[in-house]
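Trainee: Quick one: the structure is below, questions incoming.
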Amino acid sequence: QVQLVESGGALVQPGGSLKLSCTASGFTLDNYSVGWFRQAPGKEREGISCINNSGDTTGYVDSVKGRFTISRDNAKNTVYLQMNSLKTEDTAVYYCAADRPSVSWYCGMDVKEYDYWGQGTQATVSA
């Protein structure tokens with residue numbers, strides 16, 4: 001069974017850090033690019049970061065650039081999102097998704113590009 005499972009969400013104070021994990025089962029993640037997305041209440045799901053299958057291409061939306069870092073450990077079939085300097089506006093359910101791109105160097109942050117999705121993990125930034 002193909003599955004992605006996110007973990008690491010929690011309640012944290014502004015300025016704090018969280019590290020989210022996205023672990024795949026039922027398939028080998030190193031053939032896939034992976035994206036991180038988030039959805040705040042009343043808002044559309046937005047792509048915030050992505051990484052290609054080998055990890056040498058990454059992308060970030062402007063609102064998280066310089067604060068979030070995406071990485072992957074293909075031996076562990078896991079992709080991470082390190083989130084630092086968290087702000088209240090980062091509060092959302094965070095999802096990871098996997099896509100098998102036609103070119104190995106590519107990763108994207110469009111929801112429509114991704115085939116497999118996790119169930120999400122809640123990150124709340126509040127004093």
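Identifiers for the structure tokens are assigned positionally: chains receive A, B, ... in sequence, residues are indexed from 1 per chain, and ligands are indexed from 1 in the order shown.
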If we count only C-alpha atoms and set the cut-off at 6 Å, which residues sit around A:Ala97, ignoring sequence neighbours fewer than 4 positions away in its own chain? Please answer as a PDB file with N, CA and C atoms, in the first residue's frame.

Mentor:
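Listed below is the output, around.pdb:
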```
ATOM      1  N   VAL A  34       9.523  15.504  -3.988  1.00  0.00           N
ATOM      2  CA  VAL A  34       8.617  15.650  -2.847  1.00  0.00           C
ATOM      3  C   VAL A  34       8.361  17.123  -2.589  1.00  0.00           C
ATOM      4  N   GLY A  35       7.132  17.439  -2.323  1.00  0.00           N
ATOM      5  CA  GLY A  35       6.769  18.803  -1.973  1.00  0.00           C
ATOM      6  C   GLY A  35       6.153  18.862  -0.590  1.00  0.00           C
ATOM      7  N   TYR A 116       0.670  11.480  -4.843  1.00  0.00           N
ATOM      8  CA  TYR A 116       0.515  10.830  -3.541  1.00  0.00           C
ATOM      9  C   TYR A 116       0.613  11.872  -2.439  1.00  0.00           C
ATOM     10  N   TRP A 117      -0.299  11.758  -1.479  1.00  0.00           N
ATOM     11  CA  TRP A 117      -0.397  12.734  -0.399  1.00  0.00           C
ATOM     12  C   TRP A 117      -0.452  12.038   0.954  1.00  0.00           C
TER      13      TRP A 117
END
```

Trainee: Find the residues near A:Ser54: any atom within 12 Å, counting only C-alpha atoms, skip ones fewer than 6 places away on the same chain, and give them as a list in words.

Mentor: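 What passes the distance filter is Leu29, Asp30, Asn31, Tyr32, Ser33, Val34, Ser71, Arg72, Asp73, Asn74, Ala75, Asn77, Val79, Val103, Ser104, Trp105, Tyr106 and Cys107 of chain A.
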
Trainee: Near A:Ile48, within 8 Å and counting only C-alpha atoms, which residues show up once chain neighbours fewer than 6 positions away are dropped, as a list in words?

Mentor: Gly35, Trp36, Phe37, Arg38, Gly59, Tyr60, Val61, Val64 and Met109 of chain A

Trainee: Just N, CA and C atoms for this one: save the residues we selected as a tab-separated table (two decimals), in the first residue's frame.

Mentor:
```
chain	number	residue	atom	x	y	z
A	35	GLY	N	7.13	17.44	-2.32
A	35	GLY	CA	6.77	18.80	-1.97
A	35	GLY	C	6.15	18.86	-0.59
A	36	TRP	N	6.37	19.99	0.06
A	36	TRP	CA	5.66	20.29	1.31
A	36	TRP	C	4.63	21.37	1.02
A	37	PHE	N	3.44	21.18	1.54
A	37	PHE	CA	2.33	22.10	1.36
A	37	PHE	C	1.73	22.41	2.72
A	38	ARG	N	0.99	23.49	2.80
A	38	ARG	CA	0.29	23.78	4.03
A	38	ARG	C	-1.07	24.40	3.72
A	59	GLY	N	13.33	24.12	-3.79
A	59	GLY	CA	12.60	25.34	-4.06
A	59	GLY	C	11.83	25.78	-2.83
A	60	TYR	N	11.63	27.09	-2.69
A	60	TYR	CA	10.92	27.64	-1.54
A	60	TYR	C	10.03	28.79	-2.01
A	61	VAL	N	8.89	28.90	-1.39
A	61	VAL	CA	8.05	30.08	-1.59
A	61	VAL	C	8.67	31.22	-0.81
A	64	VAL	N	8.72	31.62	3.16
A	64	VAL	CA	9.48	30.74	4.05
A	64	VAL	C	10.96	30.73	3.73
A	109	MET	N	5.93	23.14	-6.99
A	109	MET	CA	5.12	23.44	-5.81
A	109	MET	C	3.65	23.67	-6.17
```

Trainee: Would you tabulate, counting only C-alpha atoms, all residues of stretch 45-84 of chain A that have an atom at most 6 Å from an atom of stretch 4-26 of chain A, showing the closest pair of atoms and their distance in Å to one decimal, sorted by chain then ascending number, as a tab-separated table?

Mentor:
```
residue	atom	partner	partner_atom	distance
A:Asn77	CA	A:Ala24	CA	5.8
A:Thr78	CA	A:Thr23	CA	4.4
A:Val79	CA	A:Cys22	CA	5.1
A:Tyr80	CA	A:Ser21	CA	4.5
A:Leu81	CA	A:Leu20	CA	5.0
A:Gln82	CA	A:Lys19	CA	4.4
A:Met83	CA	A:Leu18	CA	5.2
A:Asn84	CA	A:Ser17	CA	4.4
```

Trainee: Can you write out the residues you just picked, keeping all heavy atoms, as a PDB file, in the first residue's frame?

Mentor:
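File produced: result-v2.pdb:
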```pdb
ATOM      1  N   ASN A  77      14.061   6.663   3.385  1.00  0.00           N
ATOM      2  CA  ASN A  77      12.795   6.886   2.677  1.00  0.00           C
ATOM      3  C   ASN A  77      12.014   8.051   3.278  1.00  0.00           C
ATOM      4  O   ASN A  77      10.774   8.003   3.374  1.00  0.00           O
ATOM      5  CB  ASN A  77      11.941   5.605   2.688  1.00  0.00           C
ATOM      6  CG  ASN A  77      11.413   5.239   1.314  1.00  0.00           C
ATOM      7  OD1 ASN A  77      11.931   5.650   0.283  1.00  0.00           O
ATOM      8  ND2 ASN A  77      10.345   4.447   1.295  1.00  0.00           N
ATOM      9  N   THR A  78      12.739   9.107   3.662  1.00  0.00           N
ATOM     10  CA  THR A  78      12.145  10.206   4.421  1.00  0.00           C
ATOM     11  C   THR A  78      12.619  11.550   3.885  1.00  0.00           C
ATOM     12  O   THR A  78      13.780  11.704   3.499  1.00  0.00           O
ATOM     13  CB  THR A  78      12.503  10.079   5.911  1.00  0.00           C
ATOM     14  OG1 THR A  78      11.972   8.839   6.417  1.00  0.00           O
ATOM     15  CG2 THR A  78      11.921  11.227   6.721  1.00  0.00           C
ATOM     16  N   VAL A  79      11.700  12.505   3.873  1.00  0.00           N
ATOM     17  CA  VAL A  79      12.002  13.895   3.559  1.00  0.00           C
ATOM     18  C   VAL A  79      11.666  14.730   4.787  1.00  0.00           C
ATOM     19  O   VAL A  79      10.677  14.447   5.481  1.00  0.00           O
ATOM     20  CB  VAL A  79      11.202  14.367   2.337  1.00  0.00           C
ATOM     21  CG1 VAL A  79      11.355  15.865   2.116  1.00  0.00           C
ATOM     22  CG2 VAL A  79      11.661  13.605   1.092  1.00  0.00           C
ATOM     23  N   TYR A  80      12.481  15.743   5.042  1.00  0.00           N
ATOM     24  CA  TYR A  80      12.315  16.579   6.227  1.00  0.00           C
ATOM     25  C   TYR A  80      12.026  18.030   5.834  1.00  0.00           C
ATOM     26  O   TYR A  80      12.411  18.485   4.758  1.00  0.00           O
ATOM     27  CB  TYR A  80      13.588  16.543   7.065  1.00  0.00           C
ATOM     28  CG  TYR A  80      14.027  15.161   7.462  1.00  0.00           C
ATOM     29  CD1 TYR A  80      15.005  14.489   6.740  1.00  0.00           C
ATOM     30  CD2 TYR A  80      13.455  14.517   8.556  1.00  0.00           C
ATOM     31  CE1 TYR A  80      15.412  13.215   7.091  1.00  0.00           C
ATOM     32  CE2 TYR A  80      13.864  13.238   8.914  1.00  0.00           C
ATOM     33  CZ  TYR A  80      14.835  12.602   8.179  1.00  0.00           C
ATOM     34  OH  TYR A  80      15.229  11.335   8.532  1.00  0.00           O
ATOM     35  N   LEU A  81      11.391  18.740   6.758  1.00  0.00           N
ATOM     36  CA  LEU A  81      11.242  20.183   6.625  1.00  0.00           C
ATOM     37  C   LEU A  81      11.604  20.797   7.967  1.00  0.00           C
ATOM     38  O   LEU A  81      10.843  20.667   8.937  1.00  0.00           O
ATOM     39  CB  LEU A  81       9.818  20.574   6.223  1.00  0.00           C
ATOM     40  CG  LEU A  81       9.635  22.059   5.929  1.00  0.00           C
ATOM     41  CD1 LEU A  81      10.387  22.452   4.653  1.00  0.00           C
ATOM     42  CD2 LEU A  81       8.150  22.412   5.802  1.00  0.00           C
ATOM     43  N   GLN A  82      12.774  21.425   8.022  1.00  0.00           N
ATOM     44  CA  GLN A  82      13.207  22.139   9.222  1.00  0.00           C
ATOM     45  C   GLN A  82      12.636  23.542   9.167  1.00  0.00           C
ATOM     46  O   GLN A  82      12.895  24.279   8.206  1.00  0.00           O
ATOM     47  CB  GLN A  82      14.736  22.194   9.294  1.00  0.00           C
ATOM     48  CG  GLN A  82      15.269  22.978  10.474  1.00  0.00           C
ATOM     49  CD  GLN A  82      14.998  22.297  11.799  1.00  0.00           C
ATOM     50  OE1 GLN A  82      15.229  21.105  11.958  1.00  0.00           O
ATOM     51  NE2 GLN A  82      14.491  23.068  12.765  1.00  0.00           N
ATOM     52  N   MET A  83      11.878  23.901  10.172  1.00  0.00           N
ATOM     53  CA  MET A  83      11.207  25.203  10.209  1.00  0.00           C
ATOM     54  C   MET A  83      11.734  26.003  11.386  1.00  0.00           C
ATOM     55  O   MET A  83      11.541  25.601  12.540  1.00  0.00           O
ATOM     56  CB  MET A  83       9.691  25.026  10.311  1.00  0.00           C
ATOM     57  CG  MET A  83       9.108  24.106   9.235  1.00  0.00           C
ATOM     58  SD  MET A  83       7.307  24.147   9.146  1.00  0.00           S
ATOM     59  CE  MET A  83       6.855  23.479  10.747  1.00  0.00           C
ATOM     60  N   ASN A  84      12.403  27.092  11.101  1.00  0.00           N
ATOM     61  CA  ASN A  84      12.967  27.966  12.136  1.00  0.00           C
ATOM     62  C   ASN A  84      12.302  29.324  12.114  1.00  0.00           C
ATOM     63  O   ASN A  84      11.611  29.671  11.139  1.00  0.00           O
ATOM     64  CB  ASN A  84      14.478  28.124  11.907  1.00  0.00           C
ATOM     65  CG  ASN A  84      15.239  26.819  12.021  1.00  0.00           C
ATOM     66  OD1 ASN A  84      14.857  25.915  12.752  1.00  0.00           O
ATOM     67  ND2 ASN A  84      16.338  26.725  11.274  1.00  0.00           N
TER      68      ASN A  84
END
```

Trainee: Taking the DSSP secondary structure from the backbone, can you list the residues of stretch 7-107 of chain A that are strand (DSSP E or B), as a PyMOL selection string?

Mentor: chain A and resi 7+11-12+18-25+33-39+46-51+58-60+68-73+78-83+92-99

Trainee: Write out, as a PDB file, in the first residue's frame, the residues just selected, with C-alpha atoms.

Mentor:
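Final output, part.pdb:
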```pdb
ATOM      1  CA  SER A   7       4.974  13.722  11.739  1.00  0.00           C
ATOM      2  CA  LEU A  11       2.401  23.739  19.390  1.00  0.00           C
ATOM      3  CA  VAL A  12       5.364  26.111  19.497  1.00  0.00           C
ATOM      4  CA  LEU A  18       9.907  22.436  14.384  1.00  0.00           C
ATOM      5  CA  LYS A  19      11.200  19.619  12.206  1.00  0.00           C
ATOM      6  CA  LEU A  20       8.608  17.812  10.149  1.00  0.00           C
ATOM      7  CA  SER A  21       9.189  14.364   8.675  1.00  0.00           C
ATOM      8  CA  CYS A  22       7.533  12.690   5.715  1.00  0.00           C
ATOM      9  CA  THR A  23       8.111   8.943   5.539  1.00  0.00           C
ATOM     10  CA  ALA A  24       7.045   6.782   2.626  1.00  0.00           C
ATOM     11  CA  SER A  25       5.965   3.167   2.719  1.00  0.00           C
ATOM     12  CA  SER A  33      10.322  14.590  -6.075  1.00  0.00           C
ATOM     13  CA  VAL A  34       8.617  15.650  -2.847  1.00  0.00           C
ATOM     14  CA  GLY A  35       6.769  18.803  -1.973  1.00  0.00           C
ATOM     15  CA  TRP A  36       5.661  20.294   1.312  1.00  0.00           C
ATOM     16  CA  PHE A  37       2.328  22.100   1.358  1.00  0.00           C
ATOM     17  CA  ARG A  38       0.288  23.785   4.033  1.00  0.00           C
ATOM     18  CA  GLN A  39      -3.312  24.757   4.520  1.00  0.00           C
ATOM     19  CA  GLU A  46      -0.256  26.235  -0.894  1.00  0.00           C
ATOM     20  CA  GLY A  47       3.067  24.776  -1.902  1.00  0.00           C
ATOM     21  CA  ILE A  48       5.925  26.020   0.265  1.00  0.00           C
ATOM     22  CA  SER A  49       8.935  23.868  -0.607  1.00  0.00           C
ATOM     23  CA  CYS A  50      10.066  21.049  -2.840  1.00  0.00           C
ATOM     24  CA  ILE A  51      13.065  18.809  -3.432  1.00  0.00           C
ATOM     25  CA  THR A  58      15.208  22.619  -3.914  1.00  0.00           C
ATOM     26  CA  GLY A  59      12.599  25.339  -4.055  1.00  0.00           C
ATOM     27  CA  TYR A  60      10.919  27.638  -1.543  1.00  0.00           C
ATOM     28  CA  PHE A  68      12.682  26.701   6.264  1.00  0.00           C
ATOM     29  CA  THR A  69      15.027  24.036   4.909  1.00  0.00           C
ATOM     30  CA  ILE A  70      13.964  20.924   3.020  1.00  0.00           C
ATOM     31  CA  SER A  71      16.190  17.847   2.939  1.00  0.00           C
ATOM     32  CA  ARG A  72      15.920  14.152   2.287  1.00  0.00           C
ATOM     33  CA  ASP A  73      17.471  10.893   3.412  1.00  0.00           C
ATOM     34  CA  THR A  78      12.145  10.206   4.421  1.00  0.00           C
ATOM     35  CA  VAL A  79      12.002  13.895   3.559  1.00  0.00           C
ATOM     36  CA  TYR A  80      12.315  16.579   6.227  1.00  0.00           C
ATOM     37  CA  LEU A  81      11.242  20.183   6.625  1.00  0.00           C
ATOM     38  CA  GLN A  82      13.207  22.139   9.222  1.00  0.00           C
ATOM     39  CA  MET A  83      11.207  25.203  10.209  1.00  0.00           C
ATOM     40  CA  ALA A  92      -1.449  25.364   9.364  1.00  0.00           C
ATOM     41  CA  VAL A  93      -1.838  21.701   8.598  1.00  0.00           C
ATOM     42  CA  TYR A  94       1.322  20.641   6.775  1.00  0.00           C
ATOM     43  CA  TYR A  95       1.198  17.993   4.061  1.00  0.00           C
ATOM     44  CA  CYS A  96       3.863  16.229   2.059  1.00  0.00           C
ATOM     45  CA  ALA A  97       3.278  14.869  -1.414  1.00  0.00           C
ATOM     46  CA  ALA A  98       5.268  12.831  -3.924  1.00  0.00           C
ATOM     47  CA  ASP A  99       5.459  13.001  -7.689  1.00  0.00           C
TER      48      ASP A  99
END
```

Trainee: Go through A:Arg45, A:Gln1, A:Lys65, A:Gly55 one by one, measure the shortest atom-to-atom distance of each to A:Lys112 using only C-alpha atoms, and give the residue with the smallest value.

Mentor: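 Between A:Arg45, A:Gln1, A:Lys65, A:Gly55, the residue approaching A:Lys112 most closely is A:Arg45.
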
Trainee: Can you work out which one of A:Arg100, A:Lys76, A:Arg67, A:Lys87 has the shortest atom-to-atom distance to A:Asn52, counting only C-alpha atoms?

Mentor: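 Closest candidate: A:Arg100.
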
Trainee: My list of candidates is A:Asn53, A:Gln3, A:Glu44, A:Phe27. Which is closest to A:Val111 when distances are computed with only C-alpha atoms?

Mentor: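 Among the listed residues, A:Glu44 lies closest to A:Val111.
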
Trainee: What is the distance between atom CA of A:Pro41 and atom CA of A:Asp110, in Å to one decimal?

Mentor: 19.2 Å

Trainee: Just list as a list in words whatever in chain A DSSP marks as helix (DSSP H, G or I).

Mentor: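 Of chain A, only Leu29, Asp30, Asn31, Asn74, Ala75, Lys76, Thr88, Glu89, Asp90, Val111, Lys112 and Glu113 of chain A fall in helix (DSSP H, G or I).
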
Trainee: From the options A:Gly118, A:Thr91, A:Thr124, A:Val2, which residue's atoms come nearest to A:Thr28, counting only C-alpha atoms?

Mentor: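 Counting only C-alpha atoms, the residue closest to A:Thr28 is A:Val2.
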